[in-house]
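Source file: structure-v8.cif. Holds: mmCIF, C-alpha atoms.
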```cif
data_upload
loop_
_atom_site.label_atom_id
_atom_site.label_comp_id
_atom_site.auth_asym_id
_atom_site.auth_seq_id
_atom_site.Cartn_x
_atom_site.Cartn_y
_atom_site.Cartn_z
CA MET B 214 21.03 27.66 21.44
CA ASP B 215 18.37 29.42 23.57
CA SER B 216 18.05 32.46 21.31
CA PRO B 217 14.63 33.09 19.71
CA GLU B 218 16.26 32.93 16.26
CA VAL B 219 17.58 29.39 16.74
CA THR B 220 14.41 28.21 18.47
CA PHE B 221 12.18 29.52 15.71
CA THR B 222 14.44 28.08 13.00
CA LEU B 223 14.33 24.59 14.50
CA ALA B 224 10.59 24.75 15.11
CA TYR B 225 9.84 26.00 11.61
CA LEU B 226 12.13 23.39 10.06
CA VAL B 227 10.23 20.62 11.84
CA PHE B 228 6.91 22.15 10.80
CA ALA B 229 7.98 22.51 7.16
CA VAL B 230 9.23 18.93 6.91
CA CYS B 231 6.06 17.59 8.49
CA PHE B 232 3.87 19.78 6.29
CA VAL B 233 5.55 18.49 3.11
CA PHE B 234 6.02 14.85 4.19
CA THR B 235 2.83 14.67 6.23
CA PRO B 236 2.95 12.21 9.18
CA ASN B 237 -0.15 10.66 10.71
CA GLU B 238 -0.19 13.24 13.49
CA PHE B 239 -0.54 16.09 11.00
CA HIS B 240 -3.30 14.19 9.19
CA SER B 241 -5.15 13.72 12.46
CA ALA B 242 -4.79 17.41 13.34
CA GLY B 243 -6.00 18.48 9.90
CA LEU B 244 -2.72 20.25 9.02
CA THR B 245 -2.75 19.19 5.38
CA VAL B 246 -3.36 21.03 2.14
CA GLN B 247 -6.40 18.82 1.50
CA ASN B 248 -8.03 19.75 4.79
CA LEU B 249 -7.07 23.44 4.91
CA LEU B 250 -8.39 24.05 1.38
CA SER B 251 -11.22 21.50 1.42
CA GLY B 252 -13.81 24.13 0.57
CA TRP B 253 -12.07 25.02 -2.70
CA LEU B 254 -10.87 21.53 -3.61
CA GLY B 255 -14.32 19.95 -3.39
CA SER B 256 -15.02 16.26 -2.91
CA GLU B 257 -12.73 13.55 -4.23
CA ASP B 258 -15.62 11.08 -4.35
CA ALA B 259 -17.80 13.40 -6.42
CA ALA B 260 -15.15 14.37 -8.99
CA PHE B 261 -11.86 12.51 -8.67
CA VAL B 262 -9.95 14.08 -11.57
CA PRO B 263 -11.00 17.74 -11.01
CA TYR B 264 -10.22 17.30 -7.32
CA HIS B 265 -6.65 16.20 -7.98
CA LEU B 266 -6.12 18.83 -10.67
CA ARG B 267 -6.79 21.46 -8.01
CA ARG B 268 -5.06 19.56 -5.22
CA THR B 269 -1.72 19.23 -6.99
CA ALA B 270 -1.80 22.91 -7.98
CA ALA B 271 -2.65 24.00 -4.43
CA THR B 272 0.09 21.77 -3.00
CA VAL B 273 2.73 23.27 -5.26
CA LEU B 274 1.69 26.80 -4.26
CA CYS B 275 1.47 26.09 -0.51
CA HIS B 276 4.86 24.38 -0.40
CA SER B 277 6.47 27.18 -2.39
CA LEU B 278 5.30 29.66 0.26
CA LEU B 279 7.19 27.93 3.08
CA PRO B 280 10.48 29.89 2.60
CA LEU B 281 8.56 33.16 2.57
CA GLY B 282 6.76 32.12 5.75
CA TYR B 283 10.13 31.49 7.39
CA TYR B 284 11.33 34.98 6.42
CA VAL B 285 8.19 36.59 7.82
CA GLY B 286 8.60 34.66 11.06
CA MET B 287 12.24 35.69 11.34
CA CYS B 288 11.18 39.33 11.12
CA PHE B 289 9.75 38.85 14.63
CA ALA B 290 12.18 36.23 15.96
CA ALA B 291 15.27 38.26 14.96
CA SER B 292 14.02 41.84 14.99
CA GLU B 293 17.58 43.18 15.49
CA LYS B 294 18.42 42.15 11.92
CA GLN B 295 15.81 44.61 10.60
CA LEU B 296 14.43 42.01 8.19
CA HIS B 297 11.15 43.93 8.02
CA SER B 298 13.05 46.47 5.93
CA PRO B 299 14.73 44.49 3.13
CA SER B 300 16.94 47.41 2.12
CA GLN B 301 18.53 47.45 5.60
CA ALA B 302 18.71 43.66 6.03
CA PRO B 303 22.03 41.78 5.62
CA GLU B 304 22.91 40.80 2.06
CA SER B 305 22.44 37.08 2.75
CA TRP B 306 18.91 37.70 3.93
CA GLN B 307 18.19 39.86 0.90
CA LEU B 308 19.19 36.94 -1.32
CA PHE B 309 17.03 34.60 0.74
CA LEU B 310 14.07 37.00 0.40
CA LEU B 311 14.60 37.08 -3.36
CA LEU B 312 14.49 33.29 -3.45
CA ALA B 313 11.46 33.19 -1.14
CA VAL B 314 9.55 35.55 -3.45
CA THR B 315 10.73 33.87 -6.66
CA LEU B 316 9.50 30.39 -5.68
CA PRO B 317 5.78 31.29 -5.28
CA SER B 318 6.01 33.53 -8.36
CA VAL B 319 7.25 30.59 -10.44
CA ALA B 320 4.61 28.37 -8.83
CA CYS B 321 1.86 30.83 -9.72
CA ALA B 322 3.09 30.99 -13.32
CA LEU B 323 3.17 27.19 -13.51
CA ILE B 324 -0.33 26.87 -12.06
CA TYR B 325 -1.63 29.48 -14.48
CA TYR B 326 -0.13 27.47 -17.35
CA TRP B 327 -1.69 24.27 -16.04
CA SER B 328 -5.15 25.82 -15.58
CA TRP B 329 -5.21 27.63 -18.94
CA ASP B 330 -7.90 26.26 -21.26
CA GLN B 331 -9.62 24.41 -18.40
CA TRP B 332 -6.56 22.51 -17.12
CA THR B 333 -5.62 21.13 -20.54
CA HIS B 334 -1.90 21.59 -19.85
CA HIS B 335 -1.89 19.88 -16.46
CA PRO B 336 0.31 16.71 -16.40
CA LEU B 337 -2.70 14.61 -15.38
CA ALA B 338 -4.80 15.97 -18.24
CA ARG B 339 -1.99 15.35 -20.72
CA THR B 340 -1.66 11.76 -19.51
CA LEU B 341 -5.39 11.18 -19.88
CA SER B 342 -5.33 12.66 -23.39
CA LEU B 343 -3.02 9.80 -24.43
CA TYR B 344 -5.88 7.38 -23.83
CA ALA B 345 -8.58 9.52 -25.45
CA LEU B 346 -10.11 8.67 -28.81
CA PRO B 347 -9.54 11.12 -31.69
CA GLN B 348 -13.16 12.28 -31.64
CA SER B 349 -13.13 12.86 -27.87
CA GLY B 350 -10.84 14.60 -25.43
CA TRP B 351 -9.26 13.92 -22.07
CA ARG B 352 -12.42 15.03 -20.29
CA ALA B 353 -14.24 11.92 -21.55
CA ILE B 354 -11.55 9.77 -19.94
CA ALA B 355 -11.75 11.88 -16.78
CA SER B 356 -15.51 11.34 -16.65
CA SER B 357 -14.99 7.58 -16.94
CA ILE B 358 -12.45 7.62 -14.09
CA ASN B 359 -14.80 9.73 -11.95
CA THR B 360 -17.59 7.19 -12.50
CA GLU B 361 -15.43 4.17 -11.68
CA PHE B 362 -13.97 5.85 -8.59
CA ARG B 363 -17.47 6.31 -7.16
CA ARG B 364 -18.11 2.55 -7.32
CA ILE B 365 -17.85 0.62 -4.09
CA ASP B 366 -15.91 -2.27 -5.64
CA LYS B 367 -12.77 -0.22 -6.31
CA PHE B 368 -9.54 -0.83 -4.42
CA ALA B 369 -8.30 2.31 -2.67
CA THR B 370 -6.04 2.73 0.31
CA GLY B 371 -3.56 5.18 1.79
CA ALA B 372 -3.46 8.77 2.98
CA PRO B 373 -4.89 11.52 0.72
CA GLY B 374 -1.44 12.46 -0.60
CA ALA B 375 -0.17 8.91 -1.01
CA ARG B 376 -2.72 6.45 -2.33
CA ILE B 377 -2.99 3.39 -4.51
CA ILE B 378 -6.26 3.13 -6.41
CA VAL B 379 -7.35 0.33 -8.75
CA THR B 380 -10.70 0.44 -10.53
CA ASP B 381 -12.09 -1.88 -13.20
CA SER B 382 -10.17 -0.07 -15.96
CA TRP B 383 -7.42 1.99 -14.30
CA VAL B 384 -4.41 1.69 -12.03
CA MET B 385 -3.58 4.99 -10.29
CA LYS B 386 -1.03 6.19 -7.80
CA VAL B 387 -1.60 9.49 -6.03
CA THR B 388 1.47 11.31 -4.70
CA THR B 389 2.05 14.81 -3.36
CA TYR B 390 2.55 16.54 -6.68
CA ARG B 391 1.37 14.00 -9.26
CA VAL B 392 -1.25 11.43 -10.15
CA HIS B 393 0.08 8.49 -12.16
CA VAL B 394 -2.50 6.73 -14.35
CA ALA B 395 -2.28 3.53 -16.39
CA GLN B 396 -5.03 1.61 -18.14
CA GLN B 397 -5.53 -1.94 -16.93
CA GLN B 398 -5.91 -3.53 -20.35
CA ASP B 399 -2.45 -2.51 -21.57
CA VAL B 400 -0.46 -2.37 -18.34
CA ARG B 401 2.59 -4.54 -17.66
CA LEU B 402 3.57 -5.39 -14.07
CA THR B 403 7.17 -6.46 -13.56
CA VAL B 404 9.18 -7.11 -10.42
CA THR B 405 12.39 -5.21 -11.16
CA GLU B 406 14.23 -5.30 -7.83
CA SER B 407 14.48 -7.43 -4.74
CA ARG B 408 16.12 -6.36 -1.48
CA GLN B 409 16.29 -8.16 1.83
CA HIS B 410 16.19 -6.34 5.18
CA GLU B 411 16.78 -7.75 8.61
CA LEU B 412 13.80 -5.98 10.17
CA SER B 413 10.34 -5.17 8.86
CA PRO B 414 8.48 -1.97 9.87
CA ASP B 415 5.91 -4.03 11.79
CA SER B 416 8.04 -6.59 13.63
CA ASN B 417 11.55 -7.75 14.37
CA LEU B 418 11.42 -10.33 11.59
CA PRO B 419 13.27 -10.20 8.24
CA VAL B 420 11.45 -8.87 5.20
CA GLN B 421 12.08 -8.84 1.47
CA LEU B 422 11.27 -5.64 -0.44
CA LEU B 423 10.12 -5.99 -4.03
CA THR B 424 9.87 -3.11 -6.48
CA ILE B 425 7.08 -3.63 -9.03
CA ARG B 426 7.18 -1.48 -12.16
CA VAL B 427 3.79 -0.51 -13.57
CA ALA B 428 4.35 0.31 -17.25
CA SER B 429 1.85 1.07 -19.98
CA ALA B 430 2.14 -0.30 -23.48
CA SER B 431 2.22 3.31 -24.65
CA PRO B 432 5.78 4.69 -24.31
CA ALA B 433 4.37 8.18 -23.80
CA VAL B 434 2.85 7.17 -20.43
CA GLN B 435 5.39 7.48 -17.64
CA PRO B 436 5.82 4.24 -15.68
CA PHE B 437 5.71 4.22 -11.91
CA ASP B 438 6.85 1.89 -9.17
CA ILE B 439 5.06 0.04 -6.40
CA ARG B 440 7.08 -1.36 -3.55
CA SER B 441 5.80 -4.40 -1.69
CA SER B 442 7.23 -6.44 1.12
CA SER B 443 7.33 -10.21 1.26
CA PRO B 444 8.76 -12.50 3.91
CA ALA B 445 12.43 -13.38 3.96
CA PRO B 446 14.00 -16.52 5.48
CA GLN B 447 15.32 -16.29 9.01
CA GLY B 448 18.77 -17.67 9.62
CA GLY B 449 19.75 -19.82 12.54
CA GLN B 450 16.43 -21.66 12.83
CA PRO B 451 15.86 -25.34 12.12
CA LEU B 452 13.93 -26.49 9.07
CA LEU B 453 10.78 -28.50 9.68
CA CYS B 454 9.91 -31.00 6.99
CA GLY B 455 11.63 -28.91 4.37
CA TRP B 456 9.84 -25.76 5.43
CA SER B 457 11.90 -22.67 6.12
CA PRO B 458 10.43 -20.43 8.87
CA LEU B 459 9.73 -16.99 7.46
CA ALA B 460 8.41 -13.66 8.62
CA LEU B 461 4.75 -12.91 8.19
CA PRO B 462 3.69 -10.89 5.15
CA GLY B 463 4.28 -7.20 5.62
CA GLY B 464 2.72 -4.67 3.28
CA LEU B 465 3.06 -2.53 0.24
CA TRP B 466 4.23 1.00 -0.54
CA ALA B 467 3.76 3.24 -3.52
CA GLU B 468 7.06 4.79 -4.41
CA ASP B 469 7.42 7.87 -6.57
CA PRO B 470 10.75 8.21 -8.42
CA SER B 471 10.39 12.00 -8.27
CA PRO B 472 11.92 14.14 -5.48
CA ALA B 473 8.69 13.60 -3.58
CA GLY B 474 9.52 9.93 -3.41
CA CYS B 475 8.94 9.83 0.32
CA ASP B 476 5.21 9.68 -0.42
CA SER B 477 4.29 6.12 0.46
CA CYS B 478 1.16 4.31 1.45
CA ARG B 479 1.28 1.26 3.63
CA LEU B 480 -0.84 -1.81 3.02
CA ASN B 481 -1.16 -4.85 5.18
CA SER B 482 -1.08 -8.34 3.74
CA THR B 483 -4.88 -8.52 3.44
CA GLU B 484 -4.99 -5.33 1.37
CA TYR B 485 -2.14 -6.61 -0.78
CA GLY B 486 -4.20 -9.70 -1.58
CA GLU B 487 -7.20 -7.53 -2.47
CA LEU B 488 -4.99 -5.44 -4.73
CA CYS B 489 -3.76 -8.50 -6.60
CA GLU B 490 -7.34 -9.71 -7.05
CA LYS B 491 -8.35 -6.35 -8.55
CA LEU B 492 -5.40 -6.22 -10.96
CA GLN B 493 -6.13 -7.89 -14.28
CA ALA B 494 -2.55 -8.24 -15.51
CA PRO B 495 -0.22 -10.87 -14.04
CA ILE B 496 2.88 -9.77 -12.12
CA ARG B 497 6.00 -11.01 -13.89
CA SER B 498 9.49 -11.23 -12.49
CA ALA B 499 12.67 -10.03 -14.17
CA ALA B 500 15.24 -12.69 -14.94
CA ASN B 501 17.70 -11.55 -12.26
CA VAL B 502 15.13 -11.14 -9.46
CA VAL B 503 14.56 -13.92 -6.93
CA ILE B 504 11.20 -13.82 -5.13
CA ARG B 505 10.87 -15.98 -2.08
CA GLN B 506 7.58 -17.67 -1.28
CA SER B 507 5.45 -16.08 1.38
CA LEU B 508 5.08 -17.71 4.76
CA GLY B 509 1.44 -18.53 4.11
CA ASP B 510 2.19 -20.22 0.78
CA LEU B 511 5.08 -22.20 2.24
CA PHE B 512 3.04 -23.37 5.21
CA LEU B 513 0.00 -24.36 3.12
CA GLU B 514 2.27 -26.27 0.76
CA THR B 515 3.88 -28.16 3.66
CA PHE B 516 0.52 -28.62 5.41
CA ALA B 517 -0.95 -30.23 2.29
CA SER B 518 2.04 -32.51 1.78
CA LEU B 519 1.82 -33.78 5.38
CA VAL B 520 -1.94 -34.33 5.21
CA GLU B 521 -1.52 -36.39 2.05
CA VAL B 522 0.49 -39.02 3.94
CA ASN B 523 -2.06 -39.27 6.76
CA PRO B 524 -4.62 -42.12 6.69
CA ALA B 525 -7.57 -41.33 4.44
CA TYR B 526 -11.15 -41.15 5.72
CA SER B 527 -13.80 -43.08 3.84
CA VAL B 528 -17.08 -41.19 3.54
CA PRO B 529 -20.23 -43.34 3.91
CA SER B 530 -22.04 -43.84 0.61
CA SER B 531 -25.16 -42.21 2.04
CA GLN B 532 -23.30 -38.99 2.87
CA GLU B 533 -22.85 -36.33 0.19
CA LEU B 534 -19.97 -33.90 0.40
CA GLU B 535 -21.10 -30.29 0.58
CA PRO B 536 -19.21 -27.13 -0.43
CA CYS B 537 -16.54 -25.94 2.02
CA ILE B 538 -18.13 -23.60 4.55
CA GLY B 539 -14.93 -21.51 4.54
CA CYS B 540 -14.69 -20.54 0.87
CA MET B 541 -18.00 -21.93 -0.51
CA GLN B 542 -16.14 -22.74 -3.72
CA ALA B 543 -14.32 -26.06 -3.32
CA ARG B 544 -15.84 -29.28 -2.05
CA ALA B 545 -15.19 -30.33 1.55
CA SER B 546 -12.14 -32.58 1.35
CA VAL B 547 -10.83 -33.19 4.90
CA LYS B 548 -12.12 -34.80 8.08
CA LEU B 549 -10.60 -34.48 11.56
CA VAL B 550 -9.94 -37.95 12.93
CA LYS B 551 -7.64 -38.55 15.91
CA THR B 552 -4.84 -40.71 14.51
CA CYS B 553 -1.80 -39.28 16.31
CA GLN B 554 -2.45 -41.33 19.49
CA ASP B 555 -5.07 -43.48 21.12
CA LEU B 556 -8.37 -41.76 21.82
CA ALA B 557 -7.78 -41.47 25.56
CA VAL B 558 -4.13 -40.37 25.28
CA GLY B 559 -2.62 -36.95 24.68
CA GLU B 560 -4.04 -33.46 24.23
CA CYS B 561 -5.79 -34.10 20.90
CA GLN B 562 -9.49 -34.89 20.98
CA GLN B 563 -11.84 -36.77 18.70
CA CYS B 564 -13.84 -34.46 16.42
CA SER B 565 -17.42 -35.53 15.67
CA CYS B 566 -18.03 -33.05 12.84
CA ARG B 567 -18.77 -34.30 9.34
CA PRO B 568 -16.42 -33.19 6.50
CA MET B 569 -17.11 -29.45 6.16
CA TRP B 570 -13.80 -27.88 5.12
CA CYS B 571 -11.47 -28.04 2.13
CA LEU B 572 -7.76 -28.64 2.64
CA THR B 573 -6.75 -25.05 1.86
CA CYS B 574 -9.24 -23.47 4.27
CA MET B 575 -8.28 -25.92 7.02
CA GLY B 576 -4.62 -25.03 6.47
CA LYS B 577 -5.40 -21.33 6.66
CA TRP B 578 -7.37 -21.88 9.87
CA PHE B 579 -4.47 -23.84 11.34
CA ALA B 580 -2.02 -21.05 10.44
CA SER B 581 -4.28 -18.30 11.81
CA ARG B 582 -4.17 -19.84 15.30
CA GLN B 583 -0.36 -19.71 15.52
CA ASP B 584 2.04 -17.28 17.15
CA PRO B 585 3.45 -15.13 14.30
CA GLN B 586 6.66 -14.61 16.26
CA ARG B 587 7.30 -18.36 16.59
CA PRO B 588 6.89 -19.90 13.10
CA ASP B 589 9.23 -22.73 14.08
CA THR B 590 6.50 -24.15 16.37
CA TRP B 591 3.64 -24.13 13.87
CA LEU B 592 3.84 -27.68 12.56
CA ALA B 593 4.03 -29.22 16.02
CA SER B 594 1.18 -27.21 17.55
CA ARG B 595 -2.45 -28.09 18.25
CA VAL B 596 -5.46 -25.93 17.44
CA PRO B 597 -9.22 -26.21 18.08
CA CYS B 598 -11.60 -27.44 15.40
CA PRO B 599 -13.19 -24.37 13.74
CA THR B 600 -16.64 -25.89 14.36
CA CYS B 601 -16.71 -27.96 17.56
CA ARG B 602 -13.45 -26.71 19.17
CA ALA B 603 -11.98 -30.18 19.67
CA ARG B 604 -8.19 -29.85 19.66
CA PHE B 605 -6.25 -31.52 16.86
CA CYS B 606 -2.80 -31.59 15.27
CA ILE B 607 -1.71 -31.98 11.66
CA LEU B 608 -1.58 -35.78 12.03
CA ASP B 609 -5.34 -35.74 12.70
CA VAL B 610 -6.25 -34.06 9.39
CA CYS B 611 -7.35 -36.76 6.94
CA THR B 612 -8.37 -36.45 3.33
CA VAL B 613 -11.75 -37.92 2.39
CA ARG B 614 -12.41 -40.42 -0.34
#
```
Write out the structure in this file as structure tokens.
Amino acid sequence: MDSPEVTFTLAYLVFAVCFVFTPNEFHSAGLTVQNLLSGWLGSEDAAFVPYHLRRTAATVLCHSLLPLGYYVGMCFAASEKQLHSPSQAPESWQLFLLLAVTLPSVACALIYYWSWDQWTHHPLARTLSLYALPQSGWRAIASSINTEFRRIDKFATGAPGARIIVTDSWVMKVTTYRVHVAQQQDVRLTVTESRQHELSPDSNLPVQLLTIRVASASPAVQPFDIRSSSPAPQGGQPLLCGWSPLALPGGLWAEDPSPAGCDSCRLNSTEYGELCEKLQAPIRSAANVVIRQSLGDLFLETFASLVEVNPAYSVPSSQELEPCIGCMQARASVKLVKTCQDLAVGECQQCSCRPMWCLTCMGKWFASRQDPQRPDTWLASRVPCPTCRARFCILDVCTVR
């Protein structure tokens, strides 16, 4: 196990796997195709489509050279095998050298085919040509995507080789070897699979994985999958007022059904909400898929139902309700009034603020002050008023009339 041959083989295997399925450490060190060839690839922000035409071609070529790099390294690590002279090398190594030379040769031929006639035969260019008008070509669509990608209101997240991008007109998923593109106006989003796991990547809480199929109305456009995580019920915990304690929202991955399917980009729950806001098409669920409500939705639903049974607060006729200072969209609809106990008893305090918050924003504030690892304690907890910091519980939240 201490021989140079074995040591080099293990080290090169780790390097090759990390170079293909790039971890964060390799991204930070700049050991990626995008960084090593940045001078030739250009800027993604300046020209999104040309950048990824070159990036996918360069990635195919660089990855195809890995076996040949291993052979060259073994010429030094195992010099007794005389690998530097293929005619004198063992037959197994001659076959390996043939394979190592064939792979980049095939890759070069494929890249030449893609780049012929200004990248017309590239898979991305052929996909864009499906959306082009008869009097125009795929380059007009590429120009439109380049323009929309430069806008600051786009949704984009993930590592360079594993990204989800949503602009005003396009839904795109960038993977190691491909760029999937679908037009927003004719896309269909369907939840096709639901799986429950006992642990999420971020915590020790259960999580439900949902696979969302992004399909274009055109059958010629290849569909692609997006994998998102939603909370899953925890067993063995008591229910509070009909509310099942769940894990906090996790994130979202882009999953490629190709052999490079390990390309995935992680989104937190905030980014997932931004993604849904940017998407124009609704997300439908297949008939056999059960999607559990998220923790936030379940809590807000229970929070609202409990507030409705609390005593109402009568607003003086001289006082006009203003927009909620949290969302600035809905009218202020709740007032904090200590009703759980007498004024001088208990931990809750009397709030002197006028009605300034809507029920939804107050519920979100209440939830944001809780321990995510202890959802069973949320309804019985006390939090400070978002304005004056007087402590209150759910029984002190009163609707205004």
Edge lengths and centre in Å to one decimal, as lines of an AutoDock Vina configuration file, of the axis-aligned box that encloses all listed atoms of segment 543-554 of chain B with 5 Å added on every side?
```
center_x = -8.8
center_y = -33.7
center_z = 8.1
size_x = 24.0
size_y = 25.3
size_z = 32.8
```
Go ahead and find all residues with at least one atom no further than 10 Å from (-1.3, -37.3, 7.0) in the file's coordinates, using only C-alpha atoms; report them as a compact mmCIF listing (two decimals) with C-alpha atoms, keeping the file's coordinate frame.
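Contents of the output file part-v4.txt:
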```txt
# COMPACT_ATOMS: atom_id res chain seq x y z
CA PHE B 516 0.52 -28.62 5.41
CA ALA B 517 -0.95 -30.23 2.29
CA SER B 518 2.04 -32.51 1.78
CA LEU B 519 1.82 -33.78 5.38
CA VAL B 520 -1.94 -34.33 5.21
CA GLU B 521 -1.52 -36.39 2.05
CA VAL B 522 0.49 -39.02 3.94
CA ASN B 523 -2.06 -39.27 6.76
CA PRO B 524 -4.62 -42.12 6.69
CA ALA B 525 -7.57 -41.33 4.44
CA THR B 552 -4.84 -40.71 14.51
CA CYS B 553 -1.80 -39.28 16.31
CA ILE B 607 -1.71 -31.98 11.66
CA LEU B 608 -1.58 -35.78 12.03
CA ASP B 609 -5.34 -35.74 12.70
CA VAL B 610 -6.25 -34.06 9.39
CA CYS B 611 -7.35 -36.76 6.94
CA THR B 612 -8.37 -36.45 3.33
```
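For the pair atom CA of Tyr390 of chain B and atom CA of Thr269 of chain B, the separation is 5.1 Å.
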Subject >> Pairwise distance for atom CA of Gln396 of chain B and atom CA of Ala428 of chain B, rounded to one decimal in Å >> reply: 9.5 Å
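Using all atoms listed in the file, the smallest distance between any of B:Gln563, B:Thr360, B:Ser382, B:Ser342 and Ala494 of chain B comes from B:Ser382.
Taking atom CA of Met575 of chain B and atom CA of Lys491 of chain B as the two end points, the separation is 25.0 Å.
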Using the incomplete input, complete segment 567-582 of chain B to the level of N, CA, C and O atoms; output as a PDB file, in the coordinates of the input.
```pdb
ATOM      1  N   ARG B 567     -18.872 -33.704  10.662  1.00  0.00           N
ATOM      2  CA  ARG B 567     -18.770 -34.300   9.340  1.00  0.00           C
ATOM      3  C   ARG B 567     -17.784 -33.486   8.499  1.00  0.00           C
ATOM      4  O   ARG B 567     -17.420 -32.352   8.879  1.00  0.00           O
ATOM      5  N   PRO B 568     -17.326 -33.978   7.360  1.00  0.00           N
ATOM      6  CA  PRO B 568     -16.420 -33.190   6.500  1.00  0.00           C
ATOM      7  C   PRO B 568     -17.096 -31.882   6.068  1.00  0.00           C
ATOM      8  O   PRO B 568     -18.141 -31.895   5.412  1.00  0.00           O
ATOM      9  N   MET B 569     -16.512 -30.764   6.449  1.00  0.00           N
ATOM     10  CA  MET B 569     -17.110 -29.450   6.160  1.00  0.00           C
ATOM     11  C   MET B 569     -16.114 -28.464   5.572  1.00  0.00           C
ATOM     12  O   MET B 569     -16.510 -27.371   5.172  1.00  0.00           O
ATOM     13  N   TRP B 570     -14.830 -28.821   5.530  1.00  0.00           N
ATOM     14  CA  TRP B 570     -13.800 -27.880   5.120  1.00  0.00           C
ATOM     15  C   TRP B 570     -12.944 -28.482   4.018  1.00  0.00           C
ATOM     16  O   TRP B 570     -12.700 -29.694   3.979  1.00  0.00           O
ATOM     17  N   CYS B 571     -12.445 -27.600   3.127  1.00  0.00           N
ATOM     18  CA  CYS B 571     -11.470 -28.040   2.130  1.00  0.00           C
ATOM     19  C   CYS B 571     -10.073 -27.965   2.747  1.00  0.00           C
ATOM     20  O   CYS B 571      -9.874 -27.354   3.803  1.00  0.00           O
ATOM     21  N   LEU B 572      -9.112 -28.571   2.088  1.00  0.00           N
ATOM     22  CA  LEU B 572      -7.760 -28.640   2.640  1.00  0.00           C
ATOM     23  C   LEU B 572      -7.141 -27.263   2.782  1.00  0.00           C
ATOM     24  O   LEU B 572      -6.495 -26.960   3.790  1.00  0.00           O
ATOM     25  N   THR B 573      -7.348 -26.390   1.811  1.00  0.00           N
ATOM     26  CA  THR B 573      -6.750 -25.050   1.860  1.00  0.00           C
ATOM     27  C   THR B 573      -7.317 -24.233   3.021  1.00  0.00           C
ATOM     28  O   THR B 573      -6.567 -23.601   3.774  1.00  0.00           O
ATOM     29  N   CYS B 574      -8.635 -24.247   3.196  1.00  0.00           N
ATOM     30  CA  CYS B 574      -9.240 -23.470   4.270  1.00  0.00           C
ATOM     31  C   CYS B 574      -8.838 -24.022   5.639  1.00  0.00           C
ATOM     32  O   CYS B 574      -8.630 -23.253   6.586  1.00  0.00           O
ATOM     33  N   MET B 575      -8.722 -25.348   5.755  1.00  0.00           N
ATOM     34  CA  MET B 575      -8.280 -25.920   7.020  1.00  0.00           C
ATOM     35  C   MET B 575      -6.841 -25.520   7.320  1.00  0.00           C
ATOM     36  O   MET B 575      -6.484 -25.231   8.465  1.00  0.00           O
ATOM     37  N   GLY B 576      -5.992 -25.477   6.275  1.00  0.00           N
ATOM     38  CA  GLY B 576      -4.620 -25.030   6.470  1.00  0.00           C
ATOM     39  C   GLY B 576      -4.546 -23.577   6.876  1.00  0.00           C
ATOM     40  O   GLY B 576      -3.742 -23.200   7.742  1.00  0.00           O
ATOM     41  N   LYS B 577      -5.387 -22.733   6.277  1.00  0.00           N
ATOM     42  CA  LYS B 577      -5.400 -21.330   6.660  1.00  0.00           C
ATOM     43  C   LYS B 577      -5.892 -21.150   8.092  1.00  0.00           C
ATOM     44  O   LYS B 577      -5.397 -20.292   8.829  1.00  0.00           O
ATOM     45  N   TRP B 578      -6.891 -21.952   8.488  1.00  0.00           N
ATOM     46  CA  TRP B 578      -7.370 -21.880   9.870  1.00  0.00           C
ATOM     47  C   TRP B 578      -6.259 -22.290  10.829  1.00  0.00           C
ATOM     48  O   TRP B 578      -6.041 -21.642  11.853  1.00  0.00           O
ATOM     49  N   PHE B 579      -5.549 -23.364  10.497  1.00  0.00           N
ATOM     50  CA  PHE B 579      -4.470 -23.840  11.340  1.00  0.00           C
ATOM     51  C   PHE B 579      -3.402 -22.751  11.504  1.00  0.00           C
ATOM     52  O   PHE B 579      -2.910 -22.506  12.608  1.00  0.00           O
ATOM     53  N   ALA B 580      -3.050 -22.094  10.389  1.00  0.00           N
ATOM     54  CA  ALA B 580      -2.020 -21.050  10.440  1.00  0.00           C
ATOM     55  C   ALA B 580      -2.484 -19.827  11.220  1.00  0.00           C
ATOM     56  O   ALA B 580      -1.692 -19.168  11.893  1.00  0.00           O
ATOM     57  N   SER B 581      -3.775 -19.508  11.143  1.00  0.00           N
ATOM     58  CA  SER B 581      -4.280 -18.300  11.810  1.00  0.00           C
ATOM     59  C   SER B 581      -4.259 -18.423  13.332  1.00  0.00           C
ATOM     60  O   SER B 581      -4.344 -17.411  14.026  1.00  0.00           O
ATOM     61  N   ARG B 582      -4.162 -19.640  13.853  1.00  0.00           N
ATOM     62  CA  ARG B 582      -4.170 -19.840  15.300  1.00  0.00           C
ATOM     63  C   ARG B 582      -2.762 -19.889  15.888  1.00  0.00           C
ATOM     64  O   ARG B 582      -2.597 -20.168  17.071  1.00  0.00           O
TER      65      ARG B 582
END
```
